[in-house]
file input03.txt (compact mmCIF, C-alpha atoms)
# COMPACT_ATOMS: atom_id res chain seq x y z
CA GLY L 1 -17.74 -9.14 7.35
CA ALA L 2 -14.53 -10.93 6.53
CA GLY L 3 -11.68 -8.88 5.18
CA VAL L 4 -8.98 -9.83 2.71
CA SER L 5 -7.22 -12.99 3.76
CA GLN L 6 -3.86 -14.28 2.65
CA SER L 7 -2.14 -17.60 3.08
CA PRO L 8 0.28 -18.69 4.17
CA ARG L 9 1.13 -15.86 6.54
CA TYR L 10 4.78 -16.91 6.59
CA LYS L 11 6.76 -18.84 4.04
CA VAL L 12 10.40 -19.87 4.13
CA ALA L 13 11.80 -21.10 0.84
CA LYS L 14 15.21 -22.27 -0.15
CA ARG L 15 16.77 -20.41 -3.02
CA GLY L 16 15.61 -21.93 -6.27
CA GLN L 17 12.30 -23.26 -4.95
CA ASP L 18 8.95 -22.25 -6.38
CA VAL L 19 6.32 -20.68 -4.10
CA ALA L 20 2.61 -19.92 -4.42
CA LEU L 21 0.91 -17.23 -2.37
CA ARG L 22 -2.86 -17.09 -2.09
CA CYS L 23 -5.22 -14.15 -1.73
CA ASP L 24 -8.92 -14.34 -0.88
CA PRO L 25 -10.42 -10.91 -1.58
CA ILE L 26 -13.53 -9.47 -0.01
CA SER L 27 -16.56 -11.13 -1.57
CA GLY L 28 -17.87 -9.20 -4.53
CA HIS L 29 -14.78 -7.06 -5.00
CA VAL L 30 -14.01 -6.70 -8.66
CA SER L 31 -10.48 -5.33 -8.45
CA LEU L 32 -7.52 -7.14 -6.95
CA PHE L 33 -3.99 -5.85 -6.52
CA TRP L 34 -0.67 -7.39 -5.50
CA TYR L 35 2.07 -5.30 -3.88
CA GLN L 36 5.55 -6.17 -2.66
CA GLN L 37 6.79 -4.55 0.55
CA ALA L 38 10.49 -4.81 1.30
CA LEU L 39 11.62 -4.37 4.89
CA GLY L 40 11.36 -0.73 5.93
CA GLN L 41 9.87 0.36 2.62
CA GLY L 42 6.48 1.24 1.24
CA PRO L 43 4.48 -1.26 -0.79
CA GLU L 44 5.32 -1.39 -4.47
CA PHE L 45 2.75 -2.29 -7.10
CA LEU L 46 3.15 -5.62 -8.83
CA THR L 47 -0.05 -6.37 -10.76
CA TYR L 48 -3.77 -5.64 -11.03
CA PHE L 49 -6.82 -7.69 -11.97
CA GLN L 50 -10.30 -6.62 -12.85
CA ASN L 51 -12.38 -9.76 -12.43
CA GLU L 52 -10.31 -12.48 -14.13
CA ALA L 53 -8.53 -10.13 -16.51
CA GLN L 54 -4.99 -9.10 -15.64
CA LEU L 55 -5.02 -5.49 -16.81
CA ASP L 56 -1.64 -4.34 -15.56
CA LYS L 57 1.43 -6.41 -14.79
CA SER L 58 3.95 -3.64 -15.23
CA GLY L 59 5.30 -4.00 -11.69
CA LEU L 60 6.26 -7.66 -11.86
CA PRO L 61 10.05 -7.59 -11.43
CA SER L 62 10.89 -10.51 -13.68
CA ASP L 63 9.38 -13.34 -15.68
CA ARG L 64 9.79 -15.52 -12.60
CA PHE L 65 6.72 -13.79 -11.16
CA PHE L 66 3.31 -14.89 -12.36
CA ALA L 67 -0.16 -14.07 -11.06
CA GLU L 68 -3.57 -15.45 -11.91
CA ARG L 69 -7.19 -15.04 -10.93
CA PRO L 70 -8.96 -17.61 -13.08
CA GLU L 71 -12.50 -17.25 -11.73
CA GLY L 72 -12.38 -13.60 -10.79
CA SER L 73 -12.19 -14.19 -7.04
CA VAL L 74 -9.21 -15.97 -5.44
CA SER L 75 -5.81 -15.00 -6.80
CA THR L 76 -2.46 -16.72 -6.65
CA LEU L 77 0.95 -15.09 -6.98
CA LYS L 78 3.58 -17.58 -8.03
CA ILE L 79 7.31 -17.01 -7.85
CA GLN L 80 9.53 -19.46 -9.65
CA ARG L 81 13.16 -20.20 -8.79
CA THR L 82 13.09 -17.87 -5.78
CA GLN L 83 16.07 -15.61 -5.14
CA GLN L 84 17.15 -13.89 -1.94
CA GLU L 85 16.03 -10.53 -3.31
CA ASP L 86 12.48 -11.89 -3.44
CA SER L 87 12.37 -11.83 0.37
CA ALA L 88 9.60 -9.38 1.27
CA VAL L 89 6.02 -9.13 2.46
CA TYR L 90 3.55 -9.69 -0.36
CA LEU L 91 0.34 -7.76 0.14
CA CYS L 92 -2.95 -8.32 -1.60
CA ALA L 93 -5.66 -5.68 -1.78
CA SER L 94 -9.17 -5.66 -3.21
CA SER L 95 -11.70 -2.99 -4.00
CA HIS L 96 -15.20 -2.76 -5.35
CA ARG L 97 -15.79 -0.94 -8.56
CA THR L 98 -18.38 1.60 -7.51
CA GLY L 99 -17.67 5.05 -6.20
CA ARG L 100 -15.32 7.75 -7.36
CA ASP L 101 -12.39 6.60 -5.30
CA PRO L 102 -12.85 2.93 -4.46
CA GLU L 103 -10.89 2.15 -1.32
CA GLN L 104 -8.33 -0.62 -1.47
CA TYR L 105 -8.61 -3.03 1.45
CA PHE L 106 -5.37 -4.78 2.26
CA GLY L 107 -4.79 -8.23 3.64
CA PRO L 108 -2.20 -8.94 6.36
CA GLY L 109 0.37 -10.08 3.82
CA THR L 110 2.56 -13.12 3.37
CA ARG L 111 6.11 -12.75 4.64
CA LEU L 112 8.42 -14.63 2.29
CA THR L 113 11.95 -15.39 3.40
CA VAL L 114 14.31 -16.95 0.88
CA THR L 115 17.34 -18.62 2.44
CA GLN O 116 12.28 5.93 -9.63
CA GLN O 117 10.73 7.23 -6.45
CA GLN O 118 7.69 9.22 -7.46
CA VAL O 119 6.52 10.01 -3.93
CA LYS O 120 9.07 11.20 -1.39
CA GLN O 121 8.19 11.03 2.29
CA SER O 122 9.80 12.52 5.39
CA PRO O 123 10.76 12.10 8.12
CA GLN O 124 11.70 8.44 8.21
CA SER O 125 10.90 8.30 11.92
CA LEU O 126 9.22 10.59 14.39
CA ILE O 127 8.86 10.69 18.16
CA VAL O 128 6.10 12.85 19.62
CA GLN O 129 4.88 13.36 23.14
CA LYS O 130 1.34 12.40 24.01
CA GLY O 131 -0.97 15.28 23.18
CA GLY O 132 1.43 16.77 20.66
CA ILE O 133 1.06 17.25 16.92
CA SER O 134 2.62 14.75 14.53
CA ILE O 135 3.45 16.08 11.07
CA ILE O 136 4.49 13.93 8.12
CA ASN O 137 5.33 15.38 4.73
CA CYS O 138 5.21 14.05 1.19
CA ALA O 139 6.16 15.43 -2.19
CA TYR O 140 5.34 14.07 -5.61
CA GLU O 141 6.56 14.61 -9.14
CA ASN O 142 3.90 13.15 -11.41
CA THR O 143 1.32 15.87 -12.10
CA ALA O 144 -1.09 13.20 -13.33
CA PHE O 145 -1.64 12.06 -9.75
CA ASP O 146 -5.10 13.15 -8.66
CA TYR O 147 -5.85 11.20 -5.51
CA PHE O 148 -3.71 11.22 -2.38
CA PRO O 149 -4.49 8.79 0.45
CA TRP O 150 -2.69 8.21 3.72
CA TYR O 151 -2.39 4.71 5.12
CA GLN O 152 -1.67 3.51 8.66
CA GLN O 153 0.09 0.20 9.19
CA PHE O 154 0.57 -1.68 12.44
CA PRO O 155 3.18 -4.46 12.73
CA GLY O 156 1.97 -7.68 11.16
CA LYS O 157 -1.00 -6.00 9.52
CA GLY O 158 -1.74 -4.65 6.09
CA PRO O 159 -2.03 -0.90 5.48
CA ALA O 160 -5.43 0.63 6.29
CA LEU O 161 -6.82 3.80 4.72
CA LEU O 162 -6.78 6.70 7.16
CA ILE O 163 -7.81 9.73 5.15
CA ALA O 164 -7.57 10.86 1.52
CA ILE O 165 -7.74 14.05 -0.50
CA ARG O 166 -8.14 15.19 -4.09
CA PRO O 167 -6.22 18.23 -5.38
CA ASP O 168 -9.32 20.37 -5.80
CA VAL O 169 -9.26 21.12 -2.05
CA SER O 170 -6.40 22.41 0.08
CA GLU O 171 -7.34 20.74 3.34
CA LYS O 172 -9.40 17.87 4.62
CA LYS O 173 -10.06 17.05 8.25
CA GLU O 174 -11.42 13.89 9.80
CA GLY O 175 -11.36 13.82 13.57
CA ARG O 176 -7.78 14.29 14.76
CA PHE O 177 -6.36 13.73 11.26
CA THR O 178 -5.89 16.54 8.72
CA ILE O 179 -4.39 16.51 5.23
CA SER O 180 -2.96 19.75 3.92
CA PHE O 181 -2.43 19.90 0.17
CA ASN O 182 -0.33 22.37 -1.85
CA LYS O 183 -0.88 21.71 -5.53
CA SER O 184 1.58 24.30 -6.84
CA ALA O 185 4.37 22.93 -4.67
CA LYS O 186 3.30 19.33 -5.32
CA GLN O 187 3.37 18.63 -1.61
CA PHE O 188 0.94 17.27 0.93
CA SER O 189 1.15 16.53 4.61
CA LEU O 190 -0.61 14.64 7.37
CA HIS O 191 -1.20 16.28 10.73
CA ILE O 192 -2.23 14.19 13.72
CA MET O 193 -3.56 16.40 16.46
CA ASP O 194 -3.54 15.35 20.13
CA SER O 195 -1.33 12.37 19.29
CA GLN O 196 -1.97 9.27 21.39
CA PRO O 197 0.16 6.19 22.12
CA GLY O 198 -2.33 4.17 20.07
CA ASP O 199 -1.32 6.23 17.04
CA SER O 200 2.13 4.64 17.16
CA ALA O 201 2.40 2.96 13.77
CA THR O 202 3.96 3.38 10.36
CA TYR O 203 2.29 5.91 8.10
CA PHE O 204 2.48 5.89 4.32
CA CYS O 205 1.45 8.58 1.93
CA ALA O 206 0.39 7.42 -1.50
CA ALA O 207 -0.76 8.76 -4.83
CA ARG O 208 -2.82 7.46 -7.68
CA VAL O 209 -3.77 8.34 -11.21
CA THR O 210 -7.52 7.83 -11.49
CA GLY O 211 -8.27 5.61 -14.42
CA GLY O 212 -4.72 4.35 -14.50
CA GLY O 213 -5.82 1.05 -13.08
CA ASN O 214 -6.06 2.63 -9.65
CA LYS O 215 -2.66 1.33 -8.62
CA LEU O 216 -1.14 3.15 -5.68
CA THR O 217 2.36 4.62 -5.57
CA PHE O 218 3.54 4.71 -1.97
CA GLY O 219 6.07 6.78 -0.09
CA THR O 220 8.76 5.06 1.96
CA GLY O 221 6.92 5.38 5.26
CA THR O 222 7.27 7.21 8.57
CA GLN O 223 7.55 5.26 11.79
CA LEU O 224 5.70 7.26 14.45
CA LYS O 225 6.14 6.68 18.15
CA VAL O 226 3.97 8.58 20.60
CA GLU O 227 5.46 8.62 24.08
CA LEU O 228 3.61 9.11 27.35
call {"tool": "encode", "arguments": {"input": "input03.txt", "output": "structure tokens"}}
result
Amino acid sequence: GAGVSQSPRYKVAKRGQDVALRCDPISGHVSLFWYQQALGQGPEFLTYFQNEAQLDKSGLPSDRFFAERPEGSVSTLKIQRTQQEDSAVYLCASSHRTGRDPEQYFGPGTRLTVT
Amino acid sequence: QQQVKQSPQSLIVQKGGISIINCAYENTAFDYFPWYQQFPGKGPALLIAIRPDVSEKKEGRFTISFNKSAKQFSLHIMDSQPGDSATYFCAARVTGGGNKLTFGTGTQLKVEL
């Protein structure tokens, strides 16, 4: 079946522009995560949804970052007034709820470059 | 604050050799330790995972060794192949803590012929 998809795959934004990154999780997956991966680093947690509820947003670096999942499926990560330090790959992951250790399935990411 | 420390940063191994990557953690609340493999342009993919109630887990050529008292765990890749060339990340998670993963900084593995 289809995995997690993300769009766009690449995004170039001028400093100060707003961007919106989309994540389509695996159908039926309850949990959805956003991570930020800087060049040469491991992914860092940004936020977590269970269905449409945003249960943890402790990793969002500033109030310029906003995420939503209004119908409990597709999610959008929005970054307002982009800065150069926002340049990174933004990864989305989803998991089902059942099982002791539900595996997180990652999408290919969106590479954001802020110029 | 880096809660999971990973080494080495890069590793070159000859085909057929053993690749060893090490991680150490600080948060004793972590109770699930997965390893992820990432190829360029792709998202991380789960390779193998362990819980601290066992000291070793083996799946094919991949083995996790876990030392709870030392708060360390490692990935061993036996009979390393050129197709194993990728970046490997250790991670840790607190079950029930929203299941968010805390990743190490990654090890870039190159397996040479």
call {"tool": "closest_residue", "arguments": {"input": "input03.txt", "among": "L:Phe65, L:Tyr90, L:Phe49, L:Tyr10", "to": "L:His29", "atoms": "only C-alpha atoms"}}
result
L:Phe49
call {"tool": "atom_distance", "arguments": {"input": "input03.txt", "atom1": "atom CA of O:Ala164", "atom2": "atom CA of L:Pro43"}}
result
17.2 Å
call {"tool": "atom_distance", "arguments": {"input": "input03.txt", "atom1": "atom CA of O:Ala201", "atom2": "atom CA of O:Leu224"}}
result
5.5 Å
call {"tool": "interface_residues", "arguments": {"input": "input03.txt", "of": "chain O", "to": "chain L", "cutoff": "6 Å", "atoms": "all atoms listed in the file", "output": "list in words"}}
result
Lys157, Gly158, Phe218, Gly219, Thr220 and Gly221 of chain O
call {"tool": "atom_distance", "arguments": {"input": "input03.txt", "atom1": "atom CA of O:Glu227", "atom2": "atom CA of O:Gln153"}}
result
17.9 Å
call {"tool": "residues_around", "arguments": {"input": "input03.txt", "residues": "stretch 12-15 of chain L", "least_positions_apart": "4", "cutoff": "10 Å", "atoms": "all atoms listed in the file", "output": "PyMOL selection string"}}
result
chain L and resi 19+80-87+111-115
call {"tool": "residues_around", "arguments": {"input": "input03.txt", "residues": "O:Pro167", "least_positions_apart": "5", "cutoff": "7 Å", "atoms": "all atoms listed in the file", "output": "PDB file with C-alpha atoms, in the coordinates of the input"}}
result
ATOM      1  CA  ASP O 146      -5.100  13.150  -8.660  1.00  0.00           C
ATOM      2  CA  PHE O 181      -2.430  19.900   0.170  1.00  0.00           C
ATOM      3  CA  LYS O 183      -0.880  21.710  -5.530  1.00  0.00           C
TER       4      LYS O 183
END
call {"tool": "closest_residue", "arguments": {"input": "input03.txt", "among": "L:Ile79, L:Gln6, L:Ala88, L:Leu39", "to": "L:Cys23", "atoms": "all atoms listed in the file"}}
result
L:Gln6
call {"tool": "residues_near_point", "arguments": {"input": "input03.txt", "point": "(-8.7, 19.5, 11.2)", "cutoff": "12 Å", "atoms": "all atoms listed in the file", "output": "short mmCIF file (atom, residue, chain, number, x, y, z; two decimals) with C-alpha atoms, in the coordinates of the input"}}
result
data_model
loop_
_atom_site.label_atom_id
_atom_site.label_comp_id
_atom_site.auth_asym_id
_atom_site.auth_seq_id
_atom_site.Cartn_x
_atom_site.Cartn_y
_atom_site.Cartn_z
CA ILE O 133 1.06 17.25 16.92
CA ILE O 163 -7.81 9.73 5.15
CA SER O 170 -6.40 22.41 0.08
CA GLU O 171 -7.34 20.74 3.34
CA LYS O 172 -9.40 17.87 4.62
CA LYS O 173 -10.06 17.05 8.25
CA GLU O 174 -11.42 13.89 9.80
CA GLY O 175 -11.36 13.82 13.57
CA ARG O 176 -7.78 14.29 14.76
CA PHE O 177 -6.36 13.73 11.26
CA THR O 178 -5.89 16.54 8.72
CA ILE O 179 -4.39 16.51 5.23
CA SER O 180 -2.96 19.75 3.92
CA LEU O 190 -0.61 14.64 7.37
CA HIS O 191 -1.20 16.28 10.73
CA ILE O 192 -2.23 14.19 13.72
CA MET O 193 -3.56 16.40 16.46
CA ASP O 194 -3.54 15.35 20.13
#
call {"tool": "closest_residue", "arguments": {"input": "input03.txt", "among": "O:Leu126, O:Ala144, O:Ala139, O:Leu162", "to": "O:Thr210", "atoms": "only C-alpha atoms"}}
result
O:Ala144
